[in-house]
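Novice: Have a peek at data.txt (compact mmCIF, C-alpha atoms and all ligand atoms).
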```txt
# COMPACT_ATOMS: atom_id res chain seq x y z
CA MET F 620 -163.60 -64.15 0.05
CA ALA F 621 -162.76 -63.49 3.70
CA ASP F 622 -161.56 -60.03 4.67
CA PRO F 623 -157.72 -60.31 4.91
CA ARG F 624 -157.73 -58.19 8.08
CA THR F 625 -160.16 -60.66 9.68
CA VAL F 626 -158.01 -63.60 8.60
CA ARG F 627 -154.93 -61.96 10.08
CA GLN F 628 -156.87 -61.23 13.29
CA LEU F 629 -157.91 -64.88 13.55
CA ASN F 630 -154.37 -66.10 12.85
CA ARG F 631 -153.04 -63.69 15.43
CA GLN F 632 -155.57 -64.97 18.03
CA HIS F 633 -154.65 -68.54 17.15
CA MET F 634 -150.95 -67.79 17.71
CA ILE F 635 -151.64 -66.09 21.04
CA GLU F 636 -153.54 -69.21 22.12
CA LEU F 637 -150.62 -71.38 20.95
CA PHE F 638 -148.09 -69.39 22.98
CA SER F 639 -150.41 -69.29 26.03
CA ASP F 640 -148.93 -72.62 27.17
CA GLY F 641 -145.73 -70.77 28.11
CA GLN F 642 -143.50 -72.75 25.72
CA ALA F 643 -140.68 -71.01 23.76
CA ARG F 644 -140.91 -71.59 19.99
CA SER F 645 -139.10 -70.70 16.79
CA ARG F 646 -140.88 -69.13 13.80
CA ALA F 647 -140.37 -72.34 11.81
CA ALA F 648 -141.94 -74.40 14.60
CA VAL F 649 -144.97 -72.08 14.70
CA ALA F 650 -145.37 -72.36 10.91
CA ARG F 651 -145.26 -76.17 11.17
CA THR F 652 -147.83 -76.27 14.01
CA THR F 653 -150.28 -73.75 12.56
CA GLY F 654 -149.91 -74.59 8.87
CA LEU F 655 -149.42 -70.87 8.10
CA THR F 656 -146.74 -69.68 5.70
CA LYS F 657 -143.42 -68.55 7.21
CA PRO F 658 -143.87 -64.93 6.01
CA SER F 659 -147.34 -64.78 7.65
CA VAL F 660 -145.97 -66.22 10.89
CA SER F 661 -143.00 -63.82 10.85
CA SER F 662 -145.20 -60.81 10.24
CA ILE F 663 -147.55 -61.66 13.14
CA ILE F 664 -144.66 -62.53 15.48
CA ASP F 665 -142.99 -59.20 14.64
CA SER F 666 -146.13 -57.30 15.61
CA LEU F 667 -146.55 -59.36 18.80
CA LEU F 668 -142.89 -58.62 19.68
CA GLU F 669 -143.55 -54.94 19.10
CA GLU F 670 -146.54 -55.08 21.46
CA GLU F 671 -144.34 -57.04 23.93
CA LEU F 672 -146.92 -59.85 24.03
CA LEU F 673 -144.01 -62.01 22.90
CA VAL F 674 -140.39 -61.53 24.04
CA PRO F 675 -137.09 -63.11 22.85
CA ALA F 676 -136.15 -66.33 24.66
CA GLY F 677 -132.64 -67.16 23.43
CA VAL F 678 -131.81 -69.65 20.70
CA GLY F 679 -132.99 -73.22 20.15
CA GLU F 680 -131.43 -76.36 18.73
CA ALA F 681 -130.50 -76.42 15.04
CA ALA F 682 -132.76 -78.56 12.84
CA VAL F 683 -129.67 -80.31 11.37
CA ALA F 684 -126.18 -80.77 12.88
CA GLY F 685 -124.13 -77.65 12.22
CA GLY F 686 -127.19 -75.73 11.00
CA ARG F 687 -128.31 -72.27 12.10
CA ARG F 688 -129.79 -72.21 15.58
CA PRO F 689 -133.22 -70.50 15.50
CA ASN F 690 -134.22 -67.52 17.64
CA LEU F 691 -136.96 -68.42 20.08
CA VAL F 692 -139.81 -66.29 21.38
CA ILE F 693 -142.05 -66.78 24.41
CA PHE F 694 -145.32 -65.30 25.73
CA ASN F 695 -144.98 -62.40 28.15
CA PRO F 696 -147.75 -62.63 30.80
CA ASP F 697 -146.87 -59.13 32.09
CA ALA F 698 -147.56 -57.49 28.72
CA ARG F 699 -151.08 -56.56 29.68
CA ALA F 700 -153.70 -57.05 32.35
CA TYR F 701 -157.41 -57.81 32.18
CA VAL F 702 -160.11 -56.85 34.62
CA GLY F 703 -163.18 -58.95 35.32
CA VAL F 704 -166.15 -57.43 37.15
CA HIS F 705 -169.16 -59.24 38.60
CA LEU F 706 -172.06 -56.99 39.55
CA GLY F 707 -173.98 -59.43 41.73
CA VAL F 708 -177.09 -58.85 43.80
CA ARG F 709 -175.27 -58.76 47.11
CA ASN F 710 -171.66 -58.01 46.19
CA SER F 711 -169.70 -56.40 43.39
CA SER F 712 -166.39 -58.19 42.82
CA VAL F 713 -163.42 -57.43 40.63
CA ALA F 714 -160.48 -59.58 39.53
CA VAL F 715 -157.21 -58.44 37.98
CA ALA F 716 -155.65 -61.05 35.70
CA ASP F 717 -152.43 -61.29 33.70
CA ALA F 718 -152.16 -61.63 29.92
CA LEU F 719 -152.75 -65.38 30.22
CA GLY F 720 -156.05 -64.73 32.01
CA ARG F 721 -154.75 -65.99 35.37
CA THR F 722 -156.41 -64.11 38.24
CA LEU F 723 -153.77 -62.40 40.39
CA ALA F 724 -155.98 -60.61 42.94
CA ARG F 725 -159.63 -59.98 43.79
CA ALA F 726 -161.54 -57.34 45.73
CA SER F 727 -165.22 -56.89 46.55
CA ALA F 728 -167.74 -54.55 48.19
CA PRO F 729 -171.51 -54.58 48.77
CA SER F 730 -173.56 -53.86 45.63
CA SER F 731 -175.44 -50.64 45.15
CA VAL F 732 -179.17 -51.42 44.96
CA GLY F 733 -181.22 -48.72 43.26
CA ASP F 734 -178.29 -46.57 42.13
CA ALA F 735 -176.48 -47.98 39.08
CA ALA F 736 -174.14 -44.98 38.68
CA ALA F 737 -172.93 -45.32 42.27
CA GLY F 738 -172.52 -49.09 41.72
CA VAL F 739 -170.30 -48.50 38.67
CA ASN F 740 -168.29 -45.67 40.22
CA ARG F 741 -167.51 -47.91 43.20
CA LEU F 742 -165.58 -50.21 40.84
CA GLU F 743 -162.74 -47.74 40.38
CA PRO F 744 -161.31 -47.97 43.95
CA LEU F 745 -161.94 -51.73 43.93
CA VAL F 746 -159.89 -52.23 40.75
CA ARG F 747 -157.18 -49.98 42.14
CA GLU F 748 -157.08 -52.08 45.32
CA ALA F 749 -156.90 -55.40 43.43
CA ALA F 750 -154.28 -54.07 40.99
CA GLU F 751 -152.11 -52.86 43.84
CA ARG F 752 -152.36 -56.23 45.56
CA ALA F 753 -151.49 -57.95 42.25
CA GLY F 754 -148.51 -55.63 41.70
CA VAL F 755 -149.99 -54.56 38.35
CA PRO F 756 -149.93 -50.88 37.26
CA VAL F 757 -153.46 -49.80 36.27
CA THR F 758 -152.02 -48.46 33.01
CA ARG F 759 -151.44 -52.10 31.99
CA ILE F 760 -155.19 -52.85 31.99
CA SER F 761 -156.24 -53.34 28.38
CA SER F 762 -159.93 -54.31 28.67
CA VAL F 763 -162.72 -54.96 31.14
CA GLY F 764 -165.27 -57.77 31.09
CA VAL F 765 -168.45 -57.32 33.14
CA SER F 766 -171.03 -59.89 34.19
CA VAL F 767 -174.21 -58.55 35.73
CA SER F 768 -177.18 -60.03 37.53
CA GLY F 769 -179.82 -58.93 35.05
CA LEU F 770 -181.00 -58.92 31.45
CA VAL F 771 -178.22 -57.67 29.17
CA ASP F 772 -178.06 -56.83 25.49
CA HIS F 773 -174.32 -57.35 25.05
CA ARG F 774 -174.38 -55.88 21.54
CA SER F 775 -175.62 -52.48 22.72
CA GLY F 776 -173.78 -52.88 26.03
CA ARG F 777 -176.92 -52.01 27.99
CA CYS F 778 -178.25 -53.69 31.09
CA LEU F 779 -181.96 -53.72 30.20
CA LEU F 780 -183.22 -54.72 33.61
CA ALA F 781 -181.61 -55.92 36.84
CA PRO F 782 -184.69 -56.51 39.04
CA ASN F 783 -182.79 -57.50 42.17
CA LEU F 784 -180.48 -54.47 41.84
CA ASP F 785 -183.40 -52.20 40.81
CA TRP F 786 -181.44 -51.01 37.75
CA HIS F 787 -183.40 -50.10 34.60
CA ASP F 788 -181.93 -49.66 31.11
CA VAL F 789 -178.40 -48.69 32.14
CA PRO F 790 -175.69 -47.96 29.50
CA LEU F 791 -173.22 -50.10 31.45
CA ARG F 792 -170.59 -50.54 28.74
CA GLU F 793 -170.42 -46.81 28.07
CA TRP F 794 -170.04 -46.04 31.78
CA VAL F 795 -167.38 -48.70 32.38
CA GLU F 796 -165.39 -47.63 29.30
CA GLU F 797 -165.55 -44.01 30.48
CA LEU F 798 -164.42 -44.98 33.98
CA PHE F 799 -161.40 -47.05 32.91
CA GLY F 800 -160.61 -45.59 29.48
CA VAL F 801 -160.38 -49.05 27.84
CA PRO F 802 -162.83 -51.23 25.85
CA ALA F 803 -165.39 -53.18 27.84
CA VAL F 804 -167.89 -55.97 27.20
CA ILE F 805 -171.05 -56.66 29.22
CA TYR F 806 -172.83 -60.01 29.59
CA ASN F 807 -175.45 -61.55 31.82
CA GLU F 808 -173.91 -63.36 34.81
CA ALA F 809 -175.28 -66.80 33.88
CA HIS F 810 -173.75 -66.46 30.39
CA ALA F 811 -170.41 -65.45 31.93
CA GLY F 812 -170.67 -68.42 34.30
CA ALA F 813 -171.01 -70.76 31.31
CA LEU F 814 -167.88 -69.25 29.72
CA ALA F 815 -165.98 -69.86 32.98
CA GLU F 816 -167.29 -73.43 33.09
CA GLN F 817 -166.10 -73.95 29.51
CA ARG F 818 -162.64 -72.59 30.25
CA PHE F 819 -161.98 -73.86 33.78
CA GLY F 820 -164.63 -76.41 34.73
CA TRP F 821 -166.84 -79.28 33.60
CA GLY F 822 -167.49 -77.68 30.20
CA ASP F 823 -163.86 -78.02 29.06
CA GLY F 824 -163.94 -79.91 25.76
CA ILE F 825 -167.76 -80.37 25.83
CA ALA F 826 -169.46 -79.04 22.67
CA ASN F 827 -173.01 -78.80 24.02
CA PHE F 828 -173.74 -78.01 27.64
CA VAL F 829 -175.87 -75.81 29.86
CA ARG F 830 -174.80 -74.20 33.12
CA ILE F 831 -177.68 -73.29 35.42
CA MET F 832 -177.06 -70.80 38.20
CA VAL F 833 -179.40 -71.20 41.16
CA ASP F 834 -178.94 -68.40 43.64
CA THR F 835 -180.85 -65.15 44.30
CA GLY F 836 -182.12 -65.54 40.73
CA ILE F 837 -182.03 -68.50 38.34
CA GLY F 838 -180.53 -68.26 34.87
CA ALA F 839 -178.68 -70.45 32.41
CA GLY F 840 -175.78 -70.09 30.01
CA VAL F 841 -176.19 -72.31 26.94
CA VAL F 842 -173.15 -73.46 24.97
CA LEU F 843 -173.96 -75.00 21.57
CA ASP F 844 -171.28 -76.29 19.21
CA SER F 845 -168.70 -74.85 21.66
CA ARG F 846 -170.10 -71.30 21.38
CA LEU F 847 -172.16 -69.36 23.87
CA PHE F 848 -175.73 -69.02 22.60
CA SER F 849 -177.18 -65.61 23.50
CA GLY F 850 -180.41 -65.55 21.50
CA ALA F 851 -181.96 -62.85 19.32
CA ALA F 852 -182.06 -60.14 22.00
CA GLY F 853 -179.14 -61.48 24.02
CA ILE F 854 -181.35 -62.82 26.79
CA GLY F 855 -181.36 -66.53 25.90
CA GLY F 856 -181.21 -68.99 28.79
CA GLU F 857 -183.75 -67.31 31.09
CA ILE F 858 -184.89 -70.65 32.40
CA GLY F 859 -185.84 -69.05 35.73
CA HIS F 860 -189.04 -67.83 34.14
CA CYS F 861 -190.25 -71.18 32.76
CA ARG F 862 -193.48 -72.21 34.46
CA VAL F 863 -192.96 -75.28 36.63
CA GLU F 864 -195.94 -75.10 39.02
CA ASP F 865 -199.63 -74.61 38.30
CA ASN F 866 -201.28 -72.07 40.60
CA GLY F 867 -197.80 -71.17 41.80
CA ARG F 868 -196.47 -68.07 43.46
CA GLN F 869 -196.42 -64.69 41.84
CA CYS F 870 -192.99 -64.08 40.25
CA ALA F 871 -191.12 -60.75 40.03
CA CYS F 872 -191.47 -60.98 36.22
CA GLY F 873 -195.27 -60.66 36.45
CA ASN F 874 -196.14 -64.29 35.69
CA SER F 875 -196.75 -67.01 38.25
CA GLY F 876 -195.33 -70.47 38.95
CA CYS F 877 -191.91 -69.61 37.48
CA LEU F 878 -188.93 -71.79 38.44
CA GLU F 879 -187.32 -68.77 40.13
CA SER F 880 -190.39 -68.31 42.34
CA VAL F 881 -189.89 -71.83 43.77
CA ALA F 882 -186.20 -72.73 43.67
CA SER F 883 -184.21 -69.49 44.08
CA ARG F 884 -182.57 -68.67 47.39
CA PRO F 885 -185.34 -66.24 48.55
CA ALA F 886 -188.06 -68.63 47.29
CA ILE F 887 -186.69 -71.48 49.40
CA LEU F 888 -186.61 -69.23 52.46
CA GLN F 889 -190.23 -68.31 51.74
CA SER F 890 -191.12 -72.02 51.47
CA VAL F 891 -189.56 -72.61 54.90
CA ARG F 892 -191.71 -69.84 56.40
CA GLU F 893 -194.84 -71.16 54.69
CA ALA F 894 -194.12 -74.71 55.86
CA ALA F 895 -193.83 -73.45 59.46
CA GLU F 896 -197.13 -71.54 59.11
CA ASP F 897 -198.80 -74.70 57.81
CA GLY F 898 -197.66 -76.58 60.91
CA THR F 899 -194.67 -78.50 59.46
CA PRO F 900 -192.27 -79.06 62.39
CA THR F 901 -189.13 -76.96 62.02
CA ALA F 902 -186.45 -75.55 64.29
CA LEU F 903 -185.66 -72.77 61.79
CA ALA F 904 -186.23 -69.11 62.64
CA SER F 905 -188.32 -67.12 60.15
CA ASP F 906 -185.30 -64.92 59.28
CA CYS F 907 -182.78 -67.77 58.76
CA ASP F 908 -180.38 -67.81 55.76
CA ILE F 909 -179.91 -70.45 53.06
CA ASP F 910 -176.84 -72.04 54.71
CA THR F 911 -178.87 -72.63 57.88
CA VAL F 912 -181.62 -74.25 55.77
CA LEU F 913 -179.11 -76.54 54.00
CA HIS F 914 -177.56 -77.51 57.33
CA ALA F 915 -180.97 -78.14 58.96
CA ALA F 916 -182.06 -80.31 56.02
CA GLU F 917 -178.94 -82.47 56.42
CA HIS F 918 -180.03 -83.05 60.01
CA GLY F 919 -183.57 -84.01 59.09
CA ASP F 920 -185.48 -80.77 59.79
CA ALA F 921 -188.91 -81.33 58.21
CA GLY F 922 -189.51 -77.68 57.19
CA ALA F 923 -186.10 -77.36 55.52
CA THR F 924 -186.50 -80.74 53.83
CA ALA F 925 -189.94 -79.86 52.43
CA ALA F 926 -188.68 -76.54 51.03
CA LEU F 927 -185.66 -78.13 49.34
CA ARG F 928 -187.65 -81.06 47.96
CA ARG F 929 -190.12 -78.64 46.37
CA ALA F 930 -187.20 -76.66 44.89
CA GLY F 931 -185.56 -79.88 43.65
CA THR F 932 -188.72 -81.03 41.86
CA ALA F 933 -189.10 -77.60 40.21
CA LEU F 934 -185.44 -77.58 39.13
CA GLY F 935 -185.83 -81.07 37.67
CA ARG F 936 -188.78 -79.90 35.56
CA GLY F 937 -186.77 -76.93 34.30
CA ILE F 938 -183.79 -79.14 33.47
CA ALA F 939 -186.11 -81.54 31.58
CA TYR F 940 -187.28 -78.63 29.39
CA LEU F 941 -183.65 -77.89 28.52
CA ARG F 942 -182.83 -81.53 27.86
CA ASN F 943 -185.80 -82.02 25.57
CA VAL F 944 -185.15 -78.85 23.57
CA LEU F 945 -181.35 -78.78 23.39
CA ASN F 946 -180.18 -82.36 23.98
CA PRO F 947 -176.98 -81.24 25.75
CA ASP F 948 -174.18 -83.64 26.75
CA LEU F 949 -174.02 -82.09 30.18
CA VAL F 950 -175.97 -79.89 32.60
CA VAL F 951 -173.88 -78.14 35.25
CA LEU F 952 -175.47 -76.66 38.36
CA GLY F 953 -173.87 -73.72 40.13
CA GLY F 954 -174.83 -71.23 42.84
CA ALA F 955 -175.47 -71.40 46.58
CA VAL F 956 -178.64 -73.51 46.41
CA THR F 957 -176.90 -76.37 44.60
CA ARG F 958 -174.70 -76.95 47.65
CA ALA F 959 -177.70 -78.84 49.05
CA GLY F 960 -177.01 -82.56 48.88
CA GLU F 961 -179.31 -85.53 48.33
CA VAL F 962 -182.37 -83.80 49.75
CA LEU F 963 -182.45 -81.53 46.66
CA ARG F 964 -180.81 -83.90 44.22
CA GLN F 965 -183.08 -86.89 44.69
CA PRO F 966 -186.40 -85.13 43.81
CA MET F 967 -184.58 -83.16 41.09
CA GLU F 968 -183.30 -86.30 39.36
CA GLN F 969 -186.70 -87.94 39.70
CA ALA F 970 -188.42 -84.95 38.06
CA VAL F 971 -185.80 -84.95 35.27
CA ARG F 972 -186.52 -88.64 34.62
CA CYS F 973 -190.30 -88.12 34.67
CA SER F 974 -190.28 -85.23 32.19
CA SER F 975 -187.36 -86.00 29.84
CA LEU F 976 -187.46 -87.95 26.64
CA PRO F 977 -185.75 -91.31 26.96
CA HIS F 978 -182.43 -91.79 25.15
CA SER F 979 -181.26 -88.23 25.87
CA ALA F 980 -178.23 -89.35 27.89
CA CYS F 981 -177.11 -86.30 29.78
CA ARG F 982 -174.89 -85.99 32.84
CA LEU F 983 -175.98 -83.72 35.68
CA VAL F 984 -173.10 -82.37 37.76
CA THR F 985 -172.45 -79.67 40.36
CA SER F 986 -169.96 -76.96 39.45
CA SER F 987 -166.67 -76.87 41.35
CA LEU F 988 -166.01 -73.20 40.50
CA HIS F 989 -166.22 -70.74 43.40
CA HIS F 990 -166.16 -67.48 41.41
CA ALA F 991 -167.70 -68.56 38.09
CA GLU F 992 -169.42 -65.24 37.29
CA LEU F 993 -166.21 -63.32 38.03
CA ASP F 994 -163.90 -65.83 36.28
CA GLY F 995 -166.24 -65.63 33.27
CA ALA F 996 -165.89 -61.84 33.26
CA VAL F 997 -162.10 -62.26 32.96
CA VAL F 998 -162.64 -64.64 30.02
CA LEU F 999 -164.87 -61.96 28.45
CA ALA F 1000 -162.20 -59.27 28.89
CA ARG F 1001 -159.50 -61.48 27.40
CA GLU F 1002 -161.37 -63.20 24.58
CA HIS F 1003 -164.48 -61.21 23.74
CA VAL F 1004 -163.12 -57.68 23.47
CA ALA F 1005 -161.65 -57.04 20.02
CA LEU F 1006 -158.08 -55.82 20.50
ZN ZN N 1 -190.89 -65.19 36.39
```
Using structure tokens, write down the structure from this file.
Specialist:
Amino acid sequence: MADPRTVRQLNRQHMIELFSDGQARSRAAVARTTGLTKPSVSSIIDSLLEEELLVPAGVGEAAVAGGRRPNLVIFNPDARAYVGVHLGVRNSSVAVADALGRTLARASAPSSVGDAAAGVNRLEPLVREAAERAGVPVTRISSVGVSVSGLVDHRSGRCLLAPNLDWHDVPLREWVEELFGVPAVIYNEAHAGALAEQRFGWGDGIANFVRIMVDTGIGAGVVLDSRLFSGAAGIGGEIGHCRVEDNGRQCACGNSGCLESVASRPAILQSVREAAEDGTPTALASDCDIDTVLHAAEHGDAGATAALRRAGTALGRGIAYLRNVLNPDLVVLGGAVTRAGEVLRQPMEQAVRCSSLPHSACRLVTSSLHHAELDGAVVLAREHVAL
């Protein structure tokens, strides 16, 4: 038999979700919608009123003419605030959100490479700045969700390795909880991105999908049966380290020919330099950035085109692995590299077709979210921290 406390917790979460649409409801209406008994509904509503997550909202219409008019209650978005944090390779960003998970303000600063403690301590003034801009007292913050560019065991709350930040086995959850004095939860950034996609993007209502982030690194968040799949050690979805090229480049992980060593932002820049050295005509400088490469490719630059076509083919092979193993309904691509248009997409789709089983109908779309890893951290704070 289920633990009654767990059942009550689930019912409570269900009622919070119900009221998240901002509609005022009577206790009887909630009982009808949820199928719970009136005493159960009343007991949970009483505790939510006490916590000020619900507030009185006048009286409604009587069920029958001349009958008693019911007291209504409504969700109070100011009851608490959530903080999302994204510890990215280049920037650390924070978002302060209301009790409905709506982001009210953001702030960011350069990330701290090589010094995890300094990187975490820097979050305190950033959160203060965003909270002030949002008009939210910091005492209202009830939990913090963190997404980080690295391997994370979310159960122990440790960042095992963040190669691009040069962080090694950091007790991130402990540090963040100490800093803010509230519960925290830590996930890998690609996993957080998938949660954001599920809540705000293409993944809404899709039971099985994968979101691949192609940026400084490459990682994927896998959602199966509507739940994020983390794997045995919490590092599921590391598609960036699938081998896609024989005799390929050395990868930071120690292997060679990994997807990340061909299709990540720095890998594409390296391909541009190598193409120039091999005599491919290009107007690009050796220290150009990814936006310049994307722009040059649109205008027919041969070096930029070759680099992006190679990346597209590699991505397509990686996506085919995922399709064959997981049979998702949808693959969503996010991150700076996926802003490239047809020059990346055409070889990518061709490689997907060449390496996928037939009959695995699967849409391939580009994410429209601009802050997926940060939005996902807010989702983590609101939905994945036990309150
Ligand atoms: Zn690798």
Novice: When you count only C-alpha atoms and all ligand atoms, which of these residues is closest to ligand ZN 1 (chain N): F:Ile909, F:Val863, F:Cys973, F:Leu629?
Specialist: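 With only C-alpha atoms and all ligand atoms as the atom set, the closest residue is F:Val863.
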Novice: Rounded to one decimal place, report the CA of Thr899 in chain F-CA of Gly922 in chain F distance in Å.
Specialist: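 Those two atoms sit 5.7 Å apart.
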Novice: Taking only C-alpha atoms and all ligand atoms into account, report as a list in words which residues have an atom no farther than 8 Å from an atom of ligand ZN 1 (chain N).
Specialist: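 The distance check yields Gly859, His860, Cys861, Arg862, Gln869, Cys870, Ala871, Cys872, Gly873, Asn874, Ser875, Gly876, Cys877, Leu878, Glu879 and Ser880 of chain F.
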Novice: Taking into account all atoms listed in the file, which residue in the set F:Glu816, F:Glu748, F:Glu808, F:Asp910 is nearest to Val956 in chain F?
Specialist: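 Result for the nearest residue to Val956 in chain F: F:Asp910.
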Novice: For range 942-954 of chain F, please output as a list in words all residues within 8 Å (counting all atoms listed in the file; exclusion window: fewer than 4 positions along the same chain).
Specialist: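 Once the nearby chain positions are removed, what remains is Trp821, Gly822, Ile825, Ala826, Asn827, Phe828, Val829, Arg830, Ile831, Met832, Val833, Asp834, Ile938, Arg958, Ser975, Leu976, Ser979, Ala980, Cys981, Arg982, Leu983, Val984, Thr985, Ser986, Ser987 and Leu988 of chain F.
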Novice: Just to confirm, what's the straight-line distance from CA of Leu673 in chain F to CA of Pro658 in chain F in Å (one decimal)?
Specialist: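 Here the two named atoms are 17.1 Å from each other.
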Novice: Figure out the distance between CA of Gly838 in chain F and CA of Val795 in chain F, please, to one decimal in Å.
Specialist: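 One can read the CA of Val795 in chain F to CA of Gly838 in chain F distance as 23.7 Å.
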Novice: Near Arg759 in chain F, counting all atoms listed in the file, which residues have an atom at most 10 Å away, once you skip same-chain residues fewer than 3 positions from it, shown as a list of chain:residue names?
Specialist: F:Asp697, F:Ala698, F:Arg699, F:Ala700, F:Tyr701, F:Asp717, F:Ala718, F:Ala750, F:Val755, F:Pro756, F:Ser762
Novice: Of the residues F:Val692, F:Val678, F:Val713, F:Val626, which is the one nearest to Arg646 in chain F, using only C-alpha atoms?
Specialist: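 Once distances to Arg646 in chain F are computed over only C-alpha atoms, the minimum belongs to F:Val692.
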Novice: Which residue gives the smallest distance to Pro689 in chain F among F:Leu723, F:Ala902, F:Ala647, F:Leu706, with all atoms listed in the file counted?
Specialist: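 Checking each of F:Leu723, F:Ala902, F:Ala647, F:Leu706 against Pro689 in chain F, counting all atoms listed in the file, the winner is F:Ala647.
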Novice: Rank F:Leu779, F:Val912, F:Val660, F:Leu770 by their smallest atom-to-atom distance to Gly855 in chain F, using only C-alpha atoms, and report the top residue only.
Specialist: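 Using only C-alpha atoms, Gly855 in chain F sits closest to F:Leu770.
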